[in-house]
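Asker: Before I ask anything, let me first share the structure, which is written out below as structure tokens.
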Amino acid sequence: MPSIDRLMREGTRLLKEAGISSPLFDARELMMHALGLSSKMELFCRREMDEEQAQIYWQLIARRAERYPLQYLLGFWEFYGRRFAVREGVLIPRSDTECLVDCALQAIDKTGKGAVLDLCSGTGAVAITLSLERADILAEALELSSAALEVLQENVHLHAAPVRITAADALTYTPESSYSLITCNPPYISEGEYAMLQPEVLHEPKMALVAGHNGLAFYETISRRYCDFLLPGGLLLFEAGAGQAAAIKEMLAKAGYREIFSRPDIQGIERVIGGYKE
């Protein structure tokens with residue numbers, strides 16, 4: 001039977017040669033996936049695998065070496081300590097967005113619990129996390145893409161999360177009620193930036209990544225449109241790309257928000273921008 005250690009070494013070498021930035025990590029995750037294991041401890045206790053499992057492993061390694069996203073190969077990714085289903089057609093949750101969740105949770109604690117709307121929800125990671133971390137809020141996740149909606153529904157079911165799903169365009173949606181908090185991780189990459197992204201990112205849905213006006217189109221429309229759907233003292237929170245904070249703050253100010261602020265991520269990038277309704 002094939003040796004797991006040998007296959008791991010060879011898989012790591014192939015991924016490194018393909019330009020993968022974390023070859024050992026990726027090879028280990030794919031090995032666990034091929035074996036159907038859920039923890040590294042289980043992997044450490046194994047020495048061999050059968051031929052069918054080895055074949056699956058090599059197929060995964062070959063696909064990853066082509067710069068296909070690891071997350072899509074695994075079918076899941078971790079966000080805020082929970083696993084979320086991911087596959088083609090939906091944006092992969094990123095650790096940057098955990099900063100948005102942190103700010104949202106702080107706002108809920110400060111202003112009191114109420115209705116929360118998450119725009120451009122994708123996998124539902126933000127809305128689901130907020131609903132599980134603060135069980136007495138009313139969370140709504142809004143998404144336009146049919147492919148992403150399927151994954152969103154799957155994740156709501158997976159986590160038994162009390163999240164209402166709405167299929168609509170964030171740029172034109174008219175809510176029937178008002179919210180104490182609105183969160184949004186919109187497309188914020190410009191066409192010029194898109195052409196320079198890593199190969200893995202190009203497998204993700206372009207509609208979830210690219211926006212007009214140098215990546216700022218969603219911020220301008222949402223800032224203006226959703227002020228009417230916030231309760232007095234309600235908060236609008238955006239995730240932003242590097243270098244976009246100043247422009248977004250200006251948009252919020254023009255739309256009538258007050259106490260506008262930003263929060264850095266662990267790399268020091270102004271990642272979250274927010275403002276309160278009068």
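Ordered as shown in the structure tokens, chains take letters A, B, and onward, while each chain numbers its residues from 1 and ligands are numbered from 1 in the order shown.
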Give me, as a tab-separated table, the closest atom pair and its distance (Å, one decimal) for every residue of stretch 141-239 of chain A within a cut-off of 8 Å of stretch 98-103 of chain A, counting only C-alpha atoms, rows sorted by chain and rising number.
Answerer:
```
residue	atom	partner	partner_atom	distance
A:Thr183	CA	A:Leu100	CA	7.9
A:Leu237	CA	A:Leu100	CA	7.4
A:Phe238	CA	A:Leu100	CA	7.3
A:Glu239	CA	A:Leu100	CA	6.2
```
Asker: Can you pull out every residue from stretch 35-166 of chain A that DSSP, working from the backbone, puts in strand (DSSP E or B), and format the result as a list in words?
Answerer: Glu48, Phe76, Trp77, Glu78, Phe79, Arg82, Arg83, Phe84, Ala85, Ala115, Val116, Leu117, Asp118, Leu119, Leu138, Ala139, Glu140, Ala141, Leu142, Glu143, Val163, Arg164, Ile165 and Thr166 of chain A
Asker: Any chance you can output those residues with N, CA, C and O atoms as an mmCIF file, in the first residue's frame?
Answerer:
```cif
data_model
loop_
_atom_site.group_PDB
_atom_site.id
_atom_site.type_symbol
_atom_site.label_atom_id
_atom_site.label_comp_id
_atom_site.auth_asym_id
_atom_site.auth_seq_id
_atom_site.Cartn_x
_atom_site.Cartn_y
_atom_site.Cartn_z
ATOM 1 N N GLU A 48 -0.371 4.435 5.872
ATOM 2 C CA GLU A 48 -0.584 4.011 4.499
ATOM 3 C C GLU A 48 -2.006 4.335 4.059
ATOM 4 O O GLU A 48 -2.877 4.629 4.876
ATOM 5 N N PHE A 76 -15.037 23.235 1.238
ATOM 6 C CA PHE A 76 -15.354 24.009 2.445
ATOM 7 C C PHE A 76 -14.183 24.923 2.766
ATOM 8 O O PHE A 76 -13.076 24.767 2.259
ATOM 9 N N TRP A 77 -14.440 25.893 3.646
ATOM 10 C CA TRP A 77 -13.368 26.731 4.175
ATOM 11 C C TRP A 77 -13.801 27.265 5.531
ATOM 12 O O TRP A 77 -14.997 27.401 5.794
ATOM 13 N N GLU A 78 -12.824 27.538 6.382
ATOM 14 C CA GLU A 78 -13.140 27.984 7.728
ATOM 15 C C GLU A 78 -13.234 29.499 7.786
ATOM 16 O O GLU A 78 -12.429 30.222 7.202
ATOM 17 N N PHE A 79 -14.244 29.960 8.529
ATOM 18 C CA PHE A 79 -14.428 31.389 8.754
ATOM 19 C C PHE A 79 -14.930 31.572 10.172
ATOM 20 O O PHE A 79 -15.943 30.982 10.564
ATOM 21 N N ARG A 82 -15.711 28.412 12.093
ATOM 22 C CA ARG A 82 -16.720 27.487 11.589
ATOM 23 C C ARG A 82 -16.437 27.141 10.127
ATOM 24 O O ARG A 82 -15.906 27.947 9.380
ATOM 25 N N ARG A 83 -16.847 25.944 9.743
ATOM 26 C CA ARG A 83 -16.685 25.528 8.355
ATOM 27 C C ARG A 83 -17.897 25.947 7.522
ATOM 28 O O ARG A 83 -19.031 25.721 7.929
ATOM 29 N N PHE A 84 -17.600 26.518 6.363
ATOM 30 C CA PHE A 84 -18.647 26.914 5.435
ATOM 31 C C PHE A 84 -18.432 26.213 4.098
ATOM 32 O O PHE A 84 -17.304 26.126 3.607
ATOM 33 N N ALA A 85 -19.524 25.730 3.522
ATOM 34 C CA ALA A 85 -19.452 25.113 2.209
ATOM 35 C C ALA A 85 -19.070 26.164 1.170
ATOM 36 O O ALA A 85 -19.559 27.293 1.203
ATOM 37 N N ALA A 115 -32.714 44.054 13.988
ATOM 38 C CA ALA A 115 -32.647 43.444 12.669
ATOM 39 C C ALA A 115 -31.330 43.815 11.983
ATOM 40 O O ALA A 115 -30.905 44.974 12.008
ATOM 41 N N VAL A 116 -30.697 42.820 11.365
ATOM 42 C CA VAL A 116 -29.425 43.001 10.665
ATOM 43 C C VAL A 116 -29.580 42.532 9.225
ATOM 44 O O VAL A 116 -30.140 41.456 8.969
ATOM 45 N N LEU A 117 -29.100 43.322 8.291
ATOM 46 C CA LEU A 117 -29.128 42.976 6.870
ATOM 47 C C LEU A 117 -27.702 42.860 6.364
ATOM 48 O O LEU A 117 -26.904 43.781 6.528
ATOM 49 N N ASP A 118 -27.394 41.731 5.740
ATOM 50 C CA ASP A 118 -26.078 41.533 5.127
ATOM 51 C C ASP A 118 -26.244 41.527 3.614
ATOM 52 O O ASP A 118 -26.870 40.620 3.051
ATOM 53 N N LEU A 119 -25.687 42.533 2.954
ATOM 54 C CA LEU A 119 -25.778 42.664 1.504
ATOM 55 C C LEU A 119 -24.634 41.930 0.817
ATOM 56 O O LEU A 119 -23.551 41.799 1.370
ATOM 57 N N LEU A 138 -32.125 39.424 14.520
ATOM 58 C CA LEU A 138 -32.854 38.941 13.347
ATOM 59 C C LEU A 138 -32.001 39.234 12.130
ATOM 60 O O LEU A 138 -31.840 40.403 11.748
ATOM 61 N N ALA A 139 -31.425 38.205 11.530
ATOM 62 C CA ALA A 139 -30.478 38.394 10.432
ATOM 63 C C ALA A 139 -31.110 38.043 9.090
ATOM 64 O O ALA A 139 -31.828 37.047 8.959
ATOM 65 N N GLU A 140 -30.818 38.889 8.101
ATOM 66 C CA GLU A 140 -31.273 38.660 6.728
ATOM 67 C C GLU A 140 -30.052 38.695 5.815
ATOM 68 O O GLU A 140 -29.212 39.592 5.913
ATOM 69 N N ALA A 141 -29.947 37.705 4.941
ATOM 70 C CA ALA A 141 -28.833 37.629 3.997
ATOM 71 C C ALA A 141 -29.365 37.840 2.588
ATOM 72 O O ALA A 141 -30.264 37.108 2.137
ATOM 73 N N LEU A 142 -28.837 38.829 1.892
ATOM 74 C CA LEU A 142 -29.310 39.160 0.552
ATOM 75 C C LEU A 142 -28.246 38.799 -0.474
ATOM 76 O O LEU A 142 -27.073 39.163 -0.336
ATOM 77 N N GLU A 143 -28.644 38.079 -1.515
ATOM 78 C CA GLU A 143 -27.707 37.639 -2.552
ATOM 79 C C GLU A 143 -28.438 37.565 -3.889
ATOM 80 O O GLU A 143 -29.604 37.173 -3.950
ATOM 81 N N VAL A 163 -31.410 32.538 9.841
ATOM 82 C CA VAL A 163 -31.141 33.608 8.879
ATOM 83 C C VAL A 163 -32.188 33.561 7.768
ATOM 84 O O VAL A 163 -32.433 32.514 7.165
ATOM 85 N N ARG A 164 -32.770 34.708 7.513
ATOM 86 C CA ARG A 164 -33.718 34.831 6.401
ATOM 87 C C ARG A 164 -32.931 35.106 5.124
ATOM 88 O O ARG A 164 -32.074 35.999 5.093
ATOM 89 N N ILE A 165 -33.225 34.372 4.064
ATOM 90 C CA ILE A 165 -32.524 34.531 2.790
ATOM 91 C C ILE A 165 -33.404 35.303 1.815
ATOM 92 O O ILE A 165 -34.579 34.979 1.632
ATOM 93 N N THR A 166 -32.827 36.319 1.194
ATOM 94 C CA THR A 166 -33.541 37.110 0.197
ATOM 95 C C THR A 166 -32.749 37.111 -1.103
ATOM 96 O O THR A 166 -31.555 37.423 -1.112
#
```
Asker: I'd like to know which residues of stretch 15-222 of chain A are alpha helix (DSSP H) (by DSSP, run on the backbone); could you write them as a PyMOL selection string?
Answerer: chain A and resi 15-17+23-35+40-44+51-65+70-74+98-111+125-133+146-158+191-194+212-215+217-222
Asker: Could you tell me how far atom CA of A:Ala62 lies from atom CA of A:Ala27, in Å and to one decimal?
Answerer: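 For atom CA of A:Ala62 relative to atom CA of A:Ala27, the distance reads 10.7 Å.
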Asker: Closest to A:His203 among A:His33, A:Met49, A:Ile92, A:Thr12, using only C-alpha atoms?
Answerer: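 Result for the nearest residue to A:His203: A:Ile92.
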Asker: Which polymer residues have any atom within 6 Å of an atom of stretch 227-235 of chain A, counting only C-alpha atoms, with same-chain residues fewer than 4 positions away left out, as an NGL selection string?
Answerer: :A and (178-181 or 275-278)
Asker: Output all heavy atoms of each residue in that selection to a file, as a compact mmCIF listing (two decimals), in the first residue's frame.
Answerer:
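part.txt, written as the output of this step:
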```txt
# COMPACT_ATOMS: atom_id res chain seq x y z
N SER A 178 -36.94 48.44 8.47
CA SER A 178 -35.65 49.09 8.71
C SER A 178 -34.77 48.22 9.60
O SER A 178 -35.25 47.31 10.29
CB SER A 178 -35.87 50.46 9.36
OG SER A 178 -36.56 51.31 8.49
N TYR A 179 -33.49 48.54 9.60
CA TYR A 179 -32.49 47.71 10.29
C TYR A 179 -31.66 48.57 11.25
O TYR A 179 -31.44 49.76 11.01
CB TYR A 179 -31.56 47.05 9.27
CG TYR A 179 -32.29 46.24 8.23
CD1 TYR A 179 -32.75 46.85 7.06
CD2 TYR A 179 -32.55 44.89 8.41
CE1 TYR A 179 -33.42 46.13 6.10
CE2 TYR A 179 -33.23 44.15 7.45
CZ TYR A 179 -33.66 44.77 6.30
OH TYR A 179 -34.34 44.06 5.35
N SER A 180 -31.17 47.92 12.29
CA SER A 180 -30.25 48.61 13.19
C SER A 180 -28.81 48.51 12.70
O SER A 180 -27.96 49.32 13.07
CB SER A 180 -30.36 48.02 14.60
OG SER A 180 -30.05 46.63 14.58
N LEU A 181 -28.56 47.53 11.84
CA LEU A 181 -27.20 47.31 11.31
C LEU A 181 -27.30 46.74 9.90
O LEU A 181 -28.07 45.80 9.65
CB LEU A 181 -26.43 46.34 12.21
CG LEU A 181 -25.06 45.86 11.71
CD1 LEU A 181 -24.06 47.02 11.64
CD2 LEU A 181 -24.51 44.75 12.62
N GLY A 275 -20.44 54.12 9.24
CA GLY A 275 -21.04 55.40 9.57
C GLY A 275 -22.43 55.19 10.13
O GLY A 275 -23.11 54.22 9.80
N TYR A 276 -22.85 56.11 11.03
CA TYR A 276 -24.14 56.02 11.70
C TYR A 276 -25.16 56.95 11.05
O TYR A 276 -24.82 58.07 10.63
CB TYR A 276 -24.00 56.38 13.17
CG TYR A 276 -23.24 55.38 13.98
CD1 TYR A 276 -21.85 55.46 14.09
CD2 TYR A 276 -23.90 54.34 14.63
CE1 TYR A 276 -21.13 54.53 14.84
CE2 TYR A 276 -23.19 53.41 15.39
CZ TYR A 276 -21.82 53.50 15.48
OH TYR A 276 -21.12 52.58 16.21
N LYS A 277 -26.40 56.51 11.02
CA LYS A 277 -27.47 57.38 10.55
C LYS A 277 -27.86 58.35 11.66
O LYS A 277 -27.86 57.99 12.84
CB LYS A 277 -28.70 56.54 10.15
CG LYS A 277 -29.87 57.37 9.66
CD LYS A 277 -31.02 56.49 9.22
CE LYS A 277 -32.20 57.33 8.75
NZ LYS A 277 -33.31 56.50 8.24
N GLU A 278 -28.16 59.56 11.28
CA GLU A 278 -28.59 60.57 12.26
C GLU A 278 -29.84 60.10 13.01
O GLU A 278 -30.72 59.48 12.42
CB GLU A 278 -28.91 61.89 11.53
CG GLU A 278 -27.67 62.59 10.98
CD GLU A 278 -26.84 63.24 12.05
OE1 GLU A 278 -27.25 63.21 13.25
OE2 GLU A 278 -25.79 63.81 11.73
```
Asker: I'd like the contact shell of A:Pro187 - 8 Å cut-off, only C-alpha atoms, skipping same-chain residues fewer than 2 positions apart - returned as a VMD selection string.
Answerer: chain A and resid 185 189 207 to 211 215 218
Asker: Can I get the selection written as a compact mmCIF listing (two decimals), in the first residue's frame, with all heavy atoms?
Answerer:
```txt
# COMPACT_ATOMS: atom_id res chain seq x y z
N ASN A 185 -19.96 43.36 2.18
CA ASN A 185 -18.65 43.12 1.58
C ASN A 185 -18.88 43.08 0.07
O ASN A 185 -19.07 42.01 -0.51
CB ASN A 185 -18.06 41.81 2.08
CG ASN A 185 -16.72 41.50 1.43
OD1 ASN A 185 -16.08 42.38 0.86
ND2 ASN A 185 -16.32 40.24 1.47
N ILE A 189 -12.99 45.46 -6.62
CA ILE A 189 -11.78 45.42 -7.43
C ILE A 189 -12.05 46.09 -8.77
O ILE A 189 -13.09 45.86 -9.39
CB ILE A 189 -11.31 43.97 -7.64
CG1 ILE A 189 -10.92 43.35 -6.30
CG2 ILE A 189 -10.14 43.89 -8.62
CD1 ILE A 189 -10.62 41.88 -6.36
N MET A 207 -18.40 38.63 -10.91
CA MET A 207 -19.41 39.57 -10.44
C MET A 207 -19.30 39.86 -8.94
O MET A 207 -19.78 40.89 -8.47
CB MET A 207 -20.82 39.05 -10.74
CG MET A 207 -21.23 37.84 -9.96
SD MET A 207 -22.97 37.34 -10.26
CE MET A 207 -23.86 38.68 -9.48
N ALA A 208 -18.64 38.96 -8.19
CA ALA A 208 -18.45 39.16 -6.75
C ALA A 208 -17.16 39.91 -6.45
O ALA A 208 -16.90 40.23 -5.28
CB ALA A 208 -18.45 37.82 -6.03
N LEU A 209 -16.38 40.18 -7.48
CA LEU A 209 -15.07 40.79 -7.28
C LEU A 209 -14.95 42.20 -7.87
O LEU A 209 -14.37 43.08 -7.26
CB LEU A 209 -13.98 39.91 -7.92
CG LEU A 209 -13.74 38.54 -7.29
CD1 LEU A 209 -12.91 37.68 -8.23
CD2 LEU A 209 -13.04 38.70 -5.95
N VAL A 210 -15.49 42.40 -9.07
CA VAL A 210 -15.21 43.61 -9.85
C VAL A 210 -16.38 44.57 -9.83
O VAL A 210 -17.54 44.18 -9.97
CB VAL A 210 -14.86 43.23 -11.31
CG1 VAL A 210 -14.64 44.49 -12.16
CG2 VAL A 210 -13.61 42.35 -11.34
N ALA A 211 -16.05 45.85 -9.66
CA ALA A 211 -17.06 46.92 -9.69
C ALA A 211 -16.52 48.10 -10.50
O ALA A 211 -15.31 48.29 -10.62
CB ALA A 211 -17.40 47.37 -8.27
N GLY A 215 -13.72 50.37 -8.78
CA GLY A 215 -14.06 49.48 -7.67
C GLY A 215 -14.96 50.09 -6.63
O GLY A 215 -15.31 49.44 -5.64
N PHE A 218 -20.31 50.17 -5.89
CA PHE A 218 -21.26 49.66 -4.91
C PHE A 218 -21.32 50.54 -3.66
O PHE A 218 -22.40 50.75 -3.09
CB PHE A 218 -20.91 48.22 -4.52
CG PHE A 218 -21.44 47.19 -5.46
CD1 PHE A 218 -20.87 47.02 -6.72
CD2 PHE A 218 -22.51 46.38 -5.11
CE1 PHE A 218 -21.35 46.07 -7.60
CE2 PHE A 218 -23.00 45.42 -5.98
CZ PHE A 218 -22.42 45.26 -7.24
```
Asker: So that I can check the surroundings of A:Glu220, please list as a list in words every protein, DNA and RNA residue that reaches within 10 Å of it, counting only C-alpha atoms and ignoring chain neighbours fewer than 4 positions away.
Answerer: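 My list of contacting residues is Leu171, His213, Leu216, Arg224, Arg225, Ala247, Ile248, Glu250, Met251, Leu252, Lys254 and Ala255 of chain A.
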Asker: Atom CA of A:Thr97 and atom CA of A:Val151, how far apart in Å?
Answerer: 17.9 Å
Asker: Need the shell around A:Lys206: protein/DNA/RNA residues with any atom at most 12 Å away, counting only C-alpha atoms. Skip same-chain ones fewer than 4 positions apart. Format as a CSV table (one decimal) with N, CA, C and O atoms, in the first residue's frame?
Answerer:
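And here is the file that came out, out.csv:
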```csv
chain,number,residue,atom,x,y,z
A,88,GLU,N,-17.5,26.4,-6.8
A,88,GLU,CA,-17.5,27.3,-7.9
A,88,GLU,C,-18.8,28.1,-8.0
A,88,GLU,O,-19.9,27.6,-7.8
A,89,GLY,N,-18.7,29.4,-8.3
A,89,GLY,CA,-19.9,30.2,-8.4
A,89,GLY,C,-20.1,31.1,-7.1
A,89,GLY,O,-21.0,31.9,-7.1
A,90,VAL,N,-19.3,30.9,-6.1
A,90,VAL,CA,-19.4,31.7,-4.9
A,90,VAL,C,-18.1,32.2,-4.4
A,90,VAL,O,-17.1,31.4,-4.6
A,91,LEU,N,-18.0,33.4,-3.9
A,91,LEU,CA,-16.8,33.9,-3.4
A,91,LEU,C,-16.3,33.2,-2.2
A,91,LEU,O,-17.1,32.8,-1.3
A,145,SER,N,-26.8,36.2,-7.0
A,145,SER,CA,-26.4,35.0,-7.8
A,145,SER,C,-27.1,33.8,-7.4
A,145,SER,O,-27.1,33.4,-6.3
A,186,PRO,N,-18.9,44.2,-0.6
A,186,PRO,CA,-19.3,44.3,-2.0
A,186,PRO,C,-18.1,44.0,-2.9
A,186,PRO,O,-16.9,43.9,-2.5
A,187,PRO,N,-18.4,43.8,-4.2
A,187,PRO,CA,-17.3,43.8,-5.2
A,187,PRO,C,-16.5,45.1,-5.1
A,187,PRO,O,-17.1,46.2,-5.1
A,188,TYR,N,-15.2,45.1,-5.0
A,188,TYR,CA,-14.5,46.3,-4.9
A,188,TYR,C,-13.1,46.4,-5.7
A,188,TYR,O,-12.3,47.2,-5.4
A,189,ILE,N,-13.0,45.5,-6.6
A,189,ILE,CA,-11.8,45.4,-7.4
A,189,ILE,C,-12.1,46.1,-8.8
A,189,ILE,O,-13.1,45.9,-9.4
A,190,SER,N,-11.1,46.9,-9.2
A,190,SER,CA,-11.3,47.5,-10.5
A,190,SER,C,-10.9,46.6,-11.7
A,190,SER,O,-10.3,45.6,-11.4
A,191,GLU,N,-11.3,46.9,-12.9
A,191,GLU,CA,-11.0,46.0,-14.0
A,191,GLU,C,-9.5,45.9,-14.2
A,191,GLU,O,-9.0,44.9,-14.5
A,193,GLU,N,-7.2,46.1,-11.8
A,193,GLU,CA,-6.7,45.2,-10.8
A,193,GLU,C,-7.0,43.8,-11.1
A,193,GLU,O,-6.2,42.9,-10.8
A,194,TYR,N,-8.2,43.5,-11.6
A,194,TYR,CA,-8.6,42.2,-11.9
A,194,TYR,C,-7.6,41.4,-12.8
A,194,TYR,O,-7.4,40.2,-12.6
A,195,ALA,N,-7.1,42.1,-13.8
A,195,ALA,CA,-6.2,41.5,-14.7
A,195,ALA,C,-4.9,41.1,-14.0
A,195,ALA,O,-4.1,40.2,-14.6
A,197,LEU,N,-4.7,39.8,-10.8
A,197,LEU,CA,-4.9,38.9,-9.6
A,197,LEU,C,-4.2,37.6,-9.8
A,197,LEU,O,-3.9,37.1,-10.9
A,201,VAL,N,-7.7,33.3,-7.9
A,201,VAL,CA,-8.8,34.2,-7.8
A,201,VAL,C,-9.7,34.3,-9.0
A,201,VAL,O,-10.9,34.6,-9.0
A,202,LEU,N,-9.0,34.1,-10.2
A,202,LEU,CA,-9.8,34.2,-11.4
A,202,LEU,C,-10.8,33.1,-11.6
A,202,LEU,O,-11.6,33.1,-12.5
A,210,VAL,N,-15.5,42.4,-9.1
A,210,VAL,CA,-15.2,43.6,-9.9
A,210,VAL,C,-16.4,44.6,-9.8
A,210,VAL,O,-17.5,44.2,-10.0
A,211,ALA,N,-16.1,45.9,-9.7
A,211,ALA,CA,-17.1,46.9,-9.7
A,211,ALA,C,-16.5,48.1,-10.5
A,211,ALA,O,-15.3,48.3,-10.6
```
Asker: Which residues, written as a PyMOL selection string, have at least one atom at most 9 Å from stretch 262-264 of chain A, with only C-alpha atoms counted and residues fewer than 3 positions away on the same chain left out?
Answerer: chain A and resi 99-100+103+245+249+267-275
Asker: Of the candidates A:Ile4, A:Ala125, A:Leu152, A:Ala161, which shows the shortest atom-to-atom distance to A:Arg46, using only C-alpha atoms?
Answerer: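 Result for the nearest residue to A:Arg46: A:Ile4.
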Asker: Quote the spacing between atom CA of A:Tyr219 and atom CA of A:Leu236 in Å to one decimal place.
Answerer: 10.6 Å
Asker: Which of these residues is nearest to A:Pro175, using only C-alpha atoms: A:Ile20, A:Leu43, A:Tyr226, A:Gln153?
Answerer: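 The shortest atom-to-atom distance to A:Pro175 comes from A:Tyr226.
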